[in-house]
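K.L.:
Next up is a structure, given as structure tokens.
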Amino acid sequence: MNPEIHKTLKHNFTVNILDGAFFGFALGFSSFVTILPLFVSTLTSSATIIGLVPAFHNVGWQLPQLLTANKVARQKRYKPMVVRNTINERLPFLGLGIVALLIPTIGVQTALILTFIMLAWQGLGGGFTANPWQSMIARIMPPDRRGTFFGLQSSAANMLASLSAIIAGFILEQFNSHLDFAICFFLTAAIMIISLLFLAMTKEPERNIDELPPTQPPVWSRMKEILEQDINFRWYLAARILSHIGMMGFAFYTVYAVRIHHVSESGVGIMTGLLLGVQILANPIMGWMGDRWSNLSVLKIGISAATLSALLAWWAPSPAYFYLVFILTGIANVSIWTIGLAITLEFGSEAEQPVYIGMANTLVAPANILAPFLGGWLADLFGYPSAFLASAIGGLLALWVFQILVKDPRKKMLLDSR
């Protein structure tokens, strides 16, 4: 590894942890699992539409990554592209605050349309940032530190997000709708600026001209070649697609707890805080486990937790059980998202990483948006418990594929090198 990268490792580790911490603090006021679905539920009663809130975020984050792979691979430094693109995943929260303020003037239907325009903008902004950001992290962090870094960054993010989520719950109780949501969205936008300042402090050396790949074939032909040759990665993609079905119930837990079990708005804030609090503890532990043991094994733990959370939500006879539901959801989120970032970087060579990163996200994006549609459709027709049961079935299928068909890419790489 470049000696300059070792020299700046402590600095980069610190500023990127702080970037993630304040990014999380900002999102605690506008959680895609609790606050934003609750805001949309004030504009529509459709479970299908409410379920699209996290889907817009996740699909927007995933969909563009393959499209940017070749451009990312040719960058001498990834950071300028990251900083430029990330503005588009931060600015839309200001727009959401303005929309919330204008609801009495523009009406509910217009506000709903504008809300999803902002969510699409935010998601796509994250998507165009994601590939160069992951490539930057892969360059400035040694392979045996990545799981720990992602874990600590996510832990710091959730530590501050748990605090802001509880504050958001009290804001929702103290102020009249929709001023309460507007305040939350404006706070998110303001704190995002602090996060961006730390991100901009990253020190990344330029890649030598011989490190840059030669003129590349179209990304689609390279994608086809990888899918034909790398069978293990192909099964990994299949398991990720099924895991999105296993997670589709997450979008409805809060709304179900409020509407059916009559949980208060402050209770929603506490549950969100619990969710994030679990992630604070689980992120560094599971990141360390992934580095020292196996990212694939930790990923299986997350799929199991997602499945159990859906089964418990389906069965729960009282609101008290939803505290355990959110605990399991926190473990699942850590494993599927944080460890998912680390394990994706274990496929392919360094030069191929942008394409593998793009494929691991873009190719599963359709499942990410279809799963909430399926969950919302089931909830509208048969009730929320049917969506939770379908989610559990998807989780079991994903776990089976991971267990039987996906080989640990890190162990496979070591065997192939012998």
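Letters A, B, ... go to the chains of the structure tokens in the order shown; residues in each chain start at 1; ligands are counted from 1 in the same order.
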Based on DSSP run over this structure's backbone, return all residues of region 59-159 of chain A in alpha helix (DSSP H), as a PDB file with N, CA and C atoms, in the first residue's frame.

P.N.:
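The file below, out08.pdb, is the result:
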```pdb
ATOM      1  N   VAL A  59     -33.212   2.350  -3.167  1.00  0.00           N
ATOM      2  CA  VAL A  59     -33.067   2.154  -4.606  1.00  0.00           C
ATOM      3  C   VAL A  59     -32.251   3.290  -5.219  1.00  0.00           C
ATOM      4  N   GLY A  60     -32.515   4.511  -4.782  1.00  0.00           N
ATOM      5  CA  GLY A  60     -31.736   5.641  -5.279  1.00  0.00           C
ATOM      6  C   GLY A  60     -30.266   5.489  -4.958  1.00  0.00           C
ATOM      7  N   TRP A  61     -29.971   4.929  -3.787  1.00  0.00           N
ATOM      8  CA  TRP A  61     -28.586   4.719  -3.375  1.00  0.00           C
ATOM      9  C   TRP A  61     -27.940   3.619  -4.210  1.00  0.00           C
ATOM     10  N   GLN A  62     -28.709   2.609  -4.574  1.00  0.00           N
ATOM     11  CA  GLN A  62     -28.151   1.457  -5.270  1.00  0.00           C
ATOM     12  C   GLN A  62     -28.107   1.607  -6.790  1.00  0.00           C
ATOM     13  N   ALA A  69     -19.476   3.187 -12.675  1.00  0.00           N
ATOM     14  CA  ALA A  69     -18.306   2.355 -12.390  1.00  0.00           C
ATOM     15  C   ALA A  69     -17.094   2.722 -13.241  1.00  0.00           C
ATOM     16  N   ASN A  70     -17.269   2.833 -14.562  1.00  0.00           N
ATOM     17  CA  ASN A  70     -16.120   3.134 -15.430  1.00  0.00           C
ATOM     18  C   ASN A  70     -15.543   4.518 -15.143  1.00  0.00           C
ATOM     19  N   LYS A  71     -16.412   5.485 -14.899  1.00  0.00           N
ATOM     20  CA  LYS A  71     -15.933   6.833 -14.595  1.00  0.00           C
ATOM     21  C   LYS A  71     -15.161   6.851 -13.278  1.00  0.00           C
ATOM     22  N   VAL A  72     -15.684   6.131 -12.290  1.00  0.00           N
ATOM     23  CA  VAL A  72     -15.013   6.056 -10.990  1.00  0.00           C
ATOM     24  C   VAL A  72     -13.637   5.410 -11.147  1.00  0.00           C
ATOM     25  N   ALA A  73     -13.560   4.337 -11.918  1.00  0.00           N
ATOM     26  CA  ALA A  73     -12.303   3.606 -12.082  1.00  0.00           C
ATOM     27  C   ALA A  73     -11.202   4.471 -12.688  1.00  0.00           C
ATOM     28  N   LYS A  79     -11.944  11.557  -3.975  1.00  0.00           N
ATOM     29  CA  LYS A  79     -12.583  12.511  -3.067  1.00  0.00           C
ATOM     30  C   LYS A  79     -13.309  13.654  -3.769  1.00  0.00           C
ATOM     31  N   PRO A  80     -12.734  14.299  -4.785  1.00  0.00           N
ATOM     32  CA  PRO A  80     -13.472  15.398  -5.432  1.00  0.00           C
ATOM     33  C   PRO A  80     -14.835  14.956  -5.968  1.00  0.00           C
ATOM     34  N   MET A  81     -14.903  13.770  -6.525  1.00  0.00           N
ATOM     35  CA  MET A  81     -16.170  13.254  -7.041  1.00  0.00           C
ATOM     36  C   MET A  81     -17.148  12.987  -5.903  1.00  0.00           C
ATOM     37  N   VAL A  82     -16.629  12.489  -4.783  1.00  0.00           N
ATOM     38  CA  VAL A  82     -17.472  12.223  -3.610  1.00  0.00           C
ATOM     39  C   VAL A  82     -18.074  13.511  -3.073  1.00  0.00           C
ATOM     40  N   VAL A  83     -17.233  14.512  -2.845  1.00  0.00           N
ATOM     41  CA  VAL A  83     -17.701  15.778  -2.265  1.00  0.00           C
ATOM     42  C   VAL A  83     -18.696  16.467  -3.188  1.00  0.00           C
ATOM     43  N   ARG A  84     -18.418  16.447  -4.474  1.00  0.00           N
ATOM     44  CA  ARG A  84     -19.325  17.089  -5.444  1.00  0.00           C
ATOM     45  C   ARG A  84     -20.697  16.403  -5.466  1.00  0.00           C
ATOM     46  N   ASN A  85     -20.691  15.083  -5.491  1.00  0.00           N
ATOM     47  CA  ASN A  85     -21.947  14.355  -5.625  1.00  0.00           C
ATOM     48  C   ASN A  85     -22.777  14.327  -4.340  1.00  0.00           C
ATOM     49  N   THR A  86     -22.105  14.340  -3.192  1.00  0.00           N
ATOM     50  CA  THR A  86     -22.836  14.185  -1.933  1.00  0.00           C
ATOM     51  C   THR A  86     -23.727  15.382  -1.598  1.00  0.00           C
ATOM     52  N   ILE A  87     -23.477  16.524  -2.216  1.00  0.00           N
ATOM     53  CA  ILE A  87     -24.348  17.688  -1.996  1.00  0.00           C
ATOM     54  C   ILE A  87     -25.788  17.336  -2.350  1.00  0.00           C
ATOM     55  N   ASN A  88     -25.957  16.492  -3.363  1.00  0.00           N
ATOM     56  CA  ASN A  88     -27.301  16.135  -3.822  1.00  0.00           C
ATOM     57  C   ASN A  88     -28.004  15.118  -2.930  1.00  0.00           C
ATOM     58  N   GLU A  89     -27.294  14.523  -1.952  1.00  0.00           N
ATOM     59  CA  GLU A  89     -27.981  13.671  -0.995  1.00  0.00           C
ATOM     60  C   GLU A  89     -28.251  14.405   0.323  1.00  0.00           C
ATOM     61  N   ARG A  90     -27.780  15.648   0.434  1.00  0.00           N
ATOM     62  CA  ARG A  90     -27.940  16.424   1.654  1.00  0.00           C
ATOM     63  C   ARG A  90     -28.941  17.570   1.481  1.00  0.00           C
ATOM     64  N   PRO A  92     -31.685  17.915  -0.364  1.00  0.00           N
ATOM     65  CA  PRO A  92     -33.132  17.659  -0.398  1.00  0.00           C
ATOM     66  C   PRO A  92     -33.838  17.735   0.954  1.00  0.00           C
ATOM     67  N   PHE A  93     -33.110  17.584   2.058  1.00  0.00           N
ATOM     68  CA  PHE A  93     -33.759  17.695   3.365  1.00  0.00           C
ATOM     69  C   PHE A  93     -34.233  19.127   3.626  1.00  0.00           C
ATOM     70  N   LEU A  94     -33.501  20.092   3.080  1.00  0.00           N
ATOM     71  CA  LEU A  94     -33.969  21.474   3.142  1.00  0.00           C
ATOM     72  C   LEU A  94     -35.277  21.598   2.378  1.00  0.00           C
ATOM     73  N   GLY A  95     -35.351  20.948   1.215  1.00  0.00           N
ATOM     74  CA  GLY A  95     -36.581  20.953   0.429  1.00  0.00           C
ATOM     75  C   GLY A  95     -37.742  20.306   1.159  1.00  0.00           C
ATOM     76  N   LEU A  96     -37.477  19.212   1.878  1.00  0.00           N
ATOM     77  CA  LEU A  96     -38.534  18.549   2.649  1.00  0.00           C
ATOM     78  C   LEU A  96     -39.083  19.469   3.743  1.00  0.00           C
ATOM     79  N   GLY A  97     -38.188  20.228   4.369  1.00  0.00           N
ATOM     80  CA  GLY A  97     -38.641  21.170   5.395  1.00  0.00           C
ATOM     81  C   GLY A  97     -39.553  22.239   4.818  1.00  0.00           C
ATOM     82  N   ILE A  98     -39.195  22.744   3.632  1.00  0.00           N
ATOM     83  CA  ILE A  98     -40.025  23.760   2.973  1.00  0.00           C
ATOM     84  C   ILE A  98     -41.384  23.169   2.590  1.00  0.00           C
ATOM     85  N   VAL A  99     -41.386  21.932   2.076  1.00  0.00           N
ATOM     86  CA  VAL A  99     -42.644  21.271   1.717  1.00  0.00           C
ATOM     87  C   VAL A  99     -43.548  21.139   2.936  1.00  0.00           C
ATOM     88  N   ALA A 100     -42.964  20.705   4.062  1.00  0.00           N
ATOM     89  CA  ALA A 100     -43.762  20.534   5.288  1.00  0.00           C
ATOM     90  C   ALA A 100     -44.382  21.857   5.738  1.00  0.00           C
ATOM     91  N   LEU A 101     -43.619  22.935   5.626  1.00  0.00           N
ATOM     92  CA  LEU A 101     -44.147  24.249   6.021  1.00  0.00           C
ATOM     93  C   LEU A 101     -45.286  24.704   5.123  1.00  0.00           C
ATOM     94  N   LEU A 102     -45.223  24.334   3.839  1.00  0.00           N
ATOM     95  CA  LEU A 102     -46.179  24.844   2.858  1.00  0.00           C
ATOM     96  C   LEU A 102     -47.438  23.972   2.697  1.00  0.00           C
ATOM     97  N   ILE A 103     -47.542  22.892   3.474  1.00  0.00           N
ATOM     98  CA  ILE A 103     -48.704  22.004   3.330  1.00  0.00           C
ATOM     99  C   ILE A 103     -50.040  22.736   3.417  1.00  0.00           C
ATOM    100  N   PRO A 104     -50.247  23.659   4.378  1.00  0.00           N
ATOM    101  CA  PRO A 104     -51.539  24.368   4.430  1.00  0.00           C
ATOM    102  C   PRO A 104     -51.832  25.174   3.162  1.00  0.00           C
ATOM    103  N   THR A 105     -50.774  25.571   2.448  1.00  0.00           N
ATOM    104  CA  THR A 105     -50.941  26.395   1.244  1.00  0.00           C
ATOM    105  C   THR A 105     -51.070  25.550  -0.021  1.00  0.00           C
ATOM    106  N   ILE A 106     -50.224  24.551  -0.157  1.00  0.00           N
ATOM    107  CA  ILE A 106     -50.184  23.790  -1.408  1.00  0.00           C
ATOM    108  C   ILE A 106     -51.104  22.574  -1.393  1.00  0.00           C
ATOM    109  N   VAL A 108     -52.429  18.678   0.489  1.00  0.00           N
ATOM    110  CA  VAL A 108     -51.836  17.385   0.826  1.00  0.00           C
ATOM    111  C   VAL A 108     -51.315  16.654  -0.415  1.00  0.00           C
ATOM    112  N   GLN A 109     -52.085  16.638  -1.508  1.00  0.00           N
ATOM    113  CA  GLN A 109     -51.679  15.887  -2.691  1.00  0.00           C
ATOM    114  C   GLN A 109     -50.399  16.446  -3.301  1.00  0.00           C
ATOM    115  N   THR A 110     -50.335  17.764  -3.437  1.00  0.00           N
ATOM    116  CA  THR A 110     -49.122  18.388  -3.978  1.00  0.00           C
ATOM    117  C   THR A 110     -47.936  18.137  -3.057  1.00  0.00           C
ATOM    118  N   ALA A 111     -48.171  18.233  -1.746  1.00  0.00           N
ATOM    119  CA  ALA A 111     -47.102  17.980  -0.776  1.00  0.00           C
ATOM    120  C   ALA A 111     -46.585  16.552  -0.887  1.00  0.00           C
ATOM    121  N   LEU A 112     -47.484  15.595  -1.114  1.00  0.00           N
ATOM    122  CA  LEU A 112     -47.079  14.200  -1.239  1.00  0.00           C
ATOM    123  C   LEU A 112     -46.206  14.001  -2.476  1.00  0.00           C
ATOM    124  N   ILE A 113     -46.601  14.610  -3.592  1.00  0.00           N
ATOM    125  CA  ILE A 113     -45.817  14.509  -4.825  1.00  0.00           C
ATOM    126  C   ILE A 113     -44.434  15.135  -4.639  1.00  0.00           C
ATOM    127  N   LEU A 114     -44.404  16.333  -4.056  1.00  0.00           N
ATOM    128  CA  LEU A 114     -43.129  17.016  -3.833  1.00  0.00           C
ATOM    129  C   LEU A 114     -42.241  16.246  -2.853  1.00  0.00           C
ATOM    130  N   THR A 115     -42.861  15.611  -1.866  1.00  0.00           N
ATOM    131  CA  THR A 115     -42.097  14.818  -0.901  1.00  0.00           C
ATOM    132  C   THR A 115     -41.350  13.695  -1.599  1.00  0.00           C
ATOM    133  N   PHE A 116     -42.031  13.002  -2.506  1.00  0.00           N
ATOM    134  CA  PHE A 116     -41.372  11.898  -3.190  1.00  0.00           C
ATOM    135  C   PHE A 116     -40.372  12.378  -4.240  1.00  0.00           C
ATOM    136  N   ILE A 117     -40.566  13.571  -4.776  1.00  0.00           N
ATOM    137  CA  ILE A 117     -39.538  14.160  -5.641  1.00  0.00           C
ATOM    138  C   ILE A 117     -38.262  14.404  -4.829  1.00  0.00           C
ATOM    139  N   MET A 118     -38.436  14.942  -3.622  1.00  0.00           N
ATOM    140  CA  MET A 118     -37.281  15.173  -2.741  1.00  0.00           C
ATOM    141  C   MET A 118     -36.617  13.861  -2.340  1.00  0.00           C
ATOM    142  N   LEU A 119     -37.417  12.850  -2.044  1.00  0.00           N
ATOM    143  CA  LEU A 119     -36.867  11.550  -1.663  1.00  0.00           C
ATOM    144  C   LEU A 119     -36.102  10.915  -2.825  1.00  0.00           C
ATOM    145  N   ALA A 120     -36.634  11.065  -4.049  1.00  0.00           N
ATOM    146  CA  ALA A 120     -35.935  10.542  -5.232  1.00  0.00           C
ATOM    147  C   ALA A 120     -34.614  11.276  -5.442  1.00  0.00           C
ATOM    148  N   TRP A 121     -34.640  12.590  -5.307  1.00  0.00           N
ATOM    149  CA  TRP A 121     -33.424  13.406  -5.440  1.00  0.00           C
ATOM    150  C   TRP A 121     -32.381  12.974  -4.407  1.00  0.00           C
ATOM    151  N   GLN A 122     -32.828  12.835  -3.165  1.00  0.00           N
ATOM    152  CA  GLN A 122     -31.918  12.439  -2.091  1.00  0.00           C
ATOM    153  C   GLN A 122     -31.324  11.054  -2.343  1.00  0.00           C
ATOM    154  N   GLY A 123     -32.179  10.110  -2.745  1.00  0.00           N
ATOM    155  CA  GLY A 123     -31.699   8.759  -2.988  1.00  0.00           C
ATOM    156  C   GLY A 123     -30.703   8.687  -4.133  1.00  0.00           C
ATOM    157  N   LEU A 124     -31.015   9.353  -5.243  1.00  0.00           N
ATOM    158  CA  LEU A 124     -30.107   9.351  -6.391  1.00  0.00           C
ATOM    159  C   LEU A 124     -28.807  10.087  -6.071  1.00  0.00           C
ATOM    160  N   GLY A 125     -28.906  11.158  -5.272  1.00  0.00           N
ATOM    161  CA  GLY A 125     -27.693  11.854  -4.846  1.00  0.00           C
ATOM    162  C   GLY A 125     -26.771  10.923  -4.077  1.00  0.00           C
ATOM    163  N   GLY A 126     -27.371  10.111  -3.203  1.00  0.00           N
ATOM    164  CA  GLY A 126     -26.580   9.125  -2.476  1.00  0.00           C
ATOM    165  C   GLY A 126     -26.012   8.067  -3.401  1.00  0.00           C
ATOM    166  N   GLY A 127     -26.801   7.678  -4.420  1.00  0.00           N
ATOM    167  CA  GLY A 127     -26.353   6.653  -5.345  1.00  0.00           C
ATOM    168  C   GLY A 127     -25.157   7.080  -6.182  1.00  0.00           C
ATOM    169  N   PHE A 128     -25.159   8.330  -6.635  1.00  0.00           N
ATOM    170  CA  PHE A 128     -24.031   8.825  -7.418  1.00  0.00           C
ATOM    171  C   PHE A 128     -22.804   9.091  -6.549  1.00  0.00           C
ATOM    172  N   THR A 129     -23.019   9.161  -5.239  1.00  0.00           N
ATOM    173  CA  THR A 129     -21.904   9.329  -4.301  1.00  0.00           C
ATOM    174  C   THR A 129     -21.329   7.988  -3.873  1.00  0.00           C
ATOM    175  N   ALA A 130     -22.160   6.951  -3.841  1.00  0.00           N
ATOM    176  CA  ALA A 130     -21.817   5.702  -3.168  1.00  0.00           C
ATOM    177  C   ALA A 130     -20.615   4.984  -3.759  1.00  0.00           C
ATOM    178  N   ASN A 131     -20.553   4.845  -5.086  1.00  0.00           N
ATOM    179  CA  ASN A 131     -19.453   4.099  -5.680  1.00  0.00           C
ATOM    180  C   ASN A 131     -18.108   4.796  -5.468  1.00  0.00           C
ATOM    181  N   PRO A 132     -17.981   6.098  -5.777  1.00  0.00           N
ATOM    182  CA  PRO A 132     -16.691   6.738  -5.504  1.00  0.00           C
ATOM    183  C   PRO A 132     -16.349   6.772  -4.016  1.00  0.00           C
ATOM    184  N   TRP A 133     -17.373   6.886  -3.143  1.00  0.00           N
ATOM    185  CA  TRP A 133     -17.099   6.891  -1.698  1.00  0.00           C
ATOM    186  C   TRP A 133     -16.551   5.544  -1.245  1.00  0.00           C
ATOM    187  N   GLN A 134     -17.194   4.450  -1.661  1.00  0.00           N
ATOM    188  CA  GLN A 134     -16.703   3.126  -1.282  1.00  0.00           C
ATOM    189  C   GLN A 134     -15.317   2.868  -1.865  1.00  0.00           C
ATOM    190  N   SER A 135     -15.085   3.329  -3.087  1.00  0.00           N
ATOM    191  CA  SER A 135     -13.768   3.176  -3.708  1.00  0.00           C
ATOM    192  C   SER A 135     -12.724   3.991  -2.951  1.00  0.00           C
ATOM    193  N   MET A 136     -13.099   5.176  -2.497  1.00  0.00           N
ATOM    194  CA  MET A 136     -12.187   6.005  -1.710  1.00  0.00           C
ATOM    195  C   MET A 136     -11.823   5.315  -0.397  1.00  0.00           C
ATOM    196  N   ILE A 137     -12.842   4.769   0.279  1.00  0.00           N
ATOM    197  CA  ILE A 137     -12.589   4.084   1.548  1.00  0.00           C
ATOM    198  C   ILE A 137     -11.710   2.860   1.319  1.00  0.00           C
ATOM    199  N   ALA A 138     -11.968   2.106   0.244  1.00  0.00           N
ATOM    200  CA  ALA A 138     -11.149   0.932  -0.059  1.00  0.00           C
ATOM    201  C   ALA A 138      -9.702   1.326  -0.304  1.00  0.00           C
ATOM    202  N   ARG A 139      -9.488   2.548  -0.833  1.00  0.00           N
ATOM    203  CA  ARG A 139      -8.127   3.003  -1.120  1.00  0.00           C
ATOM    204  C   ARG A 139      -7.408   3.498   0.128  1.00  0.00           C
ATOM    205  N   ILE A 140      -8.098   4.220   1.015  1.00  0.00           N
ATOM    206  CA  ILE A 140      -7.419   4.836   2.157  1.00  0.00           C
ATOM    207  C   ILE A 140      -7.445   3.961   3.410  1.00  0.00           C
ATOM    208  N   ARG A 146     -11.151  -2.460   7.324  1.00  0.00           N
ATOM    209  CA  ARG A 146     -12.390  -1.952   6.726  1.00  0.00           C
ATOM    210  C   ARG A 146     -13.622  -2.302   7.544  1.00  0.00           C
ATOM    211  N   GLY A 147     -13.725  -3.548   7.986  1.00  0.00           N
ATOM    212  CA  GLY A 147     -14.879  -3.929   8.795  1.00  0.00           C
ATOM    213  C   GLY A 147     -14.941  -3.134  10.077  1.00  0.00           C
ATOM    214  N   THR A 148     -13.787  -2.961  10.725  1.00  0.00           N
ATOM    215  CA  THR A 148     -13.732  -2.175  11.958  1.00  0.00           C
ATOM    216  C   THR A 148     -14.099  -0.719  11.685  1.00  0.00           C
ATOM    217  N   PHE A 149     -13.576  -0.166  10.567  1.00  0.00           N
ATOM    218  CA  PHE A 149     -13.906   1.217  10.219  1.00  0.00           C
ATOM    219  C   PHE A 149     -15.400   1.383   9.979  1.00  0.00           C
ATOM    220  N   PHE A 150     -15.973   0.542   9.105  1.00  0.00           N
ATOM    221  CA  PHE A 150     -17.402   0.655   8.818  1.00  0.00           C
ATOM    222  C   PHE A 150     -18.225   0.479  10.092  1.00  0.00           C
ATOM    223  N   GLY A 151     -17.796  -0.449  10.956  1.00  0.00           N
ATOM    224  CA  GLY A 151     -18.512  -0.673  12.208  1.00  0.00           C
ATOM    225  C   GLY A 151     -18.454   0.528  13.137  1.00  0.00           C
ATOM    226  N   LEU A 152     -17.256   1.090  13.321  1.00  0.00           N
ATOM    227  CA  LEU A 152     -17.116   2.240  14.214  1.00  0.00           C
ATOM    228  C   LEU A 152     -17.802   3.473  13.636  1.00  0.00           C
ATOM    229  N   GLN A 153     -17.702   3.664  12.319  1.00  0.00           N
ATOM    230  CA  GLN A 153     -18.373   4.806  11.714  1.00  0.00           C
ATOM    231  C   GLN A 153     -19.888   4.704  11.902  1.00  0.00           C
ATOM    232  N   SER A 154     -20.435   3.527  11.644  1.00  0.00           N
ATOM    233  CA  SER A 154     -21.873   3.331  11.814  1.00  0.00           C
ATOM    234  C   SER A 154     -22.278   3.450  13.273  1.00  0.00           C
ATOM    235  N   SER A 155     -21.412   2.962  14.179  1.00  0.00           N
ATOM    236  CA  SER A 155     -21.704   3.068  15.608  1.00  0.00           C
ATOM    237  C   SER A 155     -21.760   4.524  16.055  1.00  0.00           C
ATOM    238  N   ALA A 156     -20.775   5.299  15.603  1.00  0.00           N
ATOM    239  CA  ALA A 156     -20.768   6.725  15.937  1.00  0.00           C
ATOM    240  C   ALA A 156     -21.993   7.419  15.356  1.00  0.00           C
ATOM    241  N   ALA A 157     -22.360   7.051  14.119  1.00  0.00           N
ATOM    242  CA  ALA A 157     -23.543   7.634  13.488  1.00  0.00           C
ATOM    243  C   ALA A 157     -24.797   7.312  14.280  1.00  0.00           C
ATOM    244  N   ASN A 158     -24.930   6.063  14.688  1.00  0.00           N
ATOM    245  CA  ASN A 158     -26.126   5.656  15.419  1.00  0.00           C
ATOM    246  C   ASN A 158     -26.147   6.188  16.843  1.00  0.00           C
ATOM    247  N   MET A 159     -24.965   6.410  17.433  1.00  0.00           N
ATOM    248  CA  MET A 159     -24.912   6.980  18.777  1.00  0.00           C
ATOM    249  C   MET A 159     -25.547   8.369  18.796  1.00  0.00           C
TER     250      MET A 159
END
```

K.L.:
What's around region 266-282 of chain A at 7 Å? Count only C-alpha atoms, leave out sequence neighbours fewer than 3 positions away in its own chain, and write the answer as a list in words.

P.N.:
Thr34, Ser155, Ala156, Asn158, Met159, Ala161, Ser162, Leu163, Ala165, Ile166, Ala168, Gly169, Phe170, Glu173, Thr254, Val263, Ile285, Met286, Tyr323, Phe326, Ile327, Thr329, Gly330, Ile331 and Val334 of chain A

K.L.:
For a test of reading the model, state the distance in Å between CA of Asn368 (chain A) and CA of Thr48 (chain A), rounded to one decimal.

P.N.:
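Answer for the CA of Asn368 (chain A) to CA of Thr48 (chain A) separation: 13.7 Å.
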
K.L.:
Determine, counting only C-alpha atoms, which protein, DNA and RNA residues have an atom within 8 Å of an atom of region 4-16 of chain A; residues of the same chain fewer than 2 positions away are not included. Present the result as a ChimeraX atom specification.

P.N.:
/A:1-2,18-20,140-141,149,153,198-199,201-205

K.L.:
Identify, on the basis of only C-alpha atoms, every residue whose closest approach to Thr344 (chain A) does not exceed 8 Å; exclude the query and any residue fewer than 2 positions from it along the same chain; express the result as a VMD selection string.

P.N.:
chain A and resid 340 to 342 346 to 347 356 to 357 360

K.L.:
Point out the residue among A:Pro64, A:Gly249, A:Pro317, A:Gly394 with the least atom-to-atom distance to Ile50 (chain A), counting only C-alpha atoms.

P.N.:
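Among the listed residues, the smallest separation from Ile50 (chain A) belongs to A:Gly249.
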
K.L.:
Between A:Phe56, A:Phe373, A:Phe39, A:Tyr236, which residue has the minimum interatomic distance to Leu172 (chain A), considering only C-alpha atoms?

P.N.:
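Going through A:Phe56, A:Phe373, A:Phe39, A:Tyr236 one by one, the smallest distance to Leu172 (chain A) is for A:Phe39.
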
K.L.:
What does the distance between CA of Gly287 (chain A) and CA of Leu363 (chain A) come to in Å, to one decimal place?

P.N.:
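Answer for the CA of Gly287 (chain A) to CA of Leu363 (chain A) separation: 24.8 Å.
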
K.L.:
Restricting the calculation to only C-alpha atoms, which member of A:Gly246, A:Val406, A:Glu265, A:Arg74 is positioned closest to Gln353 (chain A)?

P.N.:
A:Arg74

K.L.:
Between A:Leu52, A:Ala305, A:Leu397, A:Ala390, which has the minimum distance to Leu378 (chain A) (counting only C-alpha atoms)?

P.N.:
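Using only C-alpha atoms, Leu378 (chain A) sits closest to A:Ala390.
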
K.L.:
Quick check, in Å to one decimal: how far apart do CA of Lys76 (chain A) and CA of Gln229 (chain A) lie?

P.N.:
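Taking CA of Lys76 (chain A) and CA of Gln229 (chain A), their separation equals 28.7 Å.
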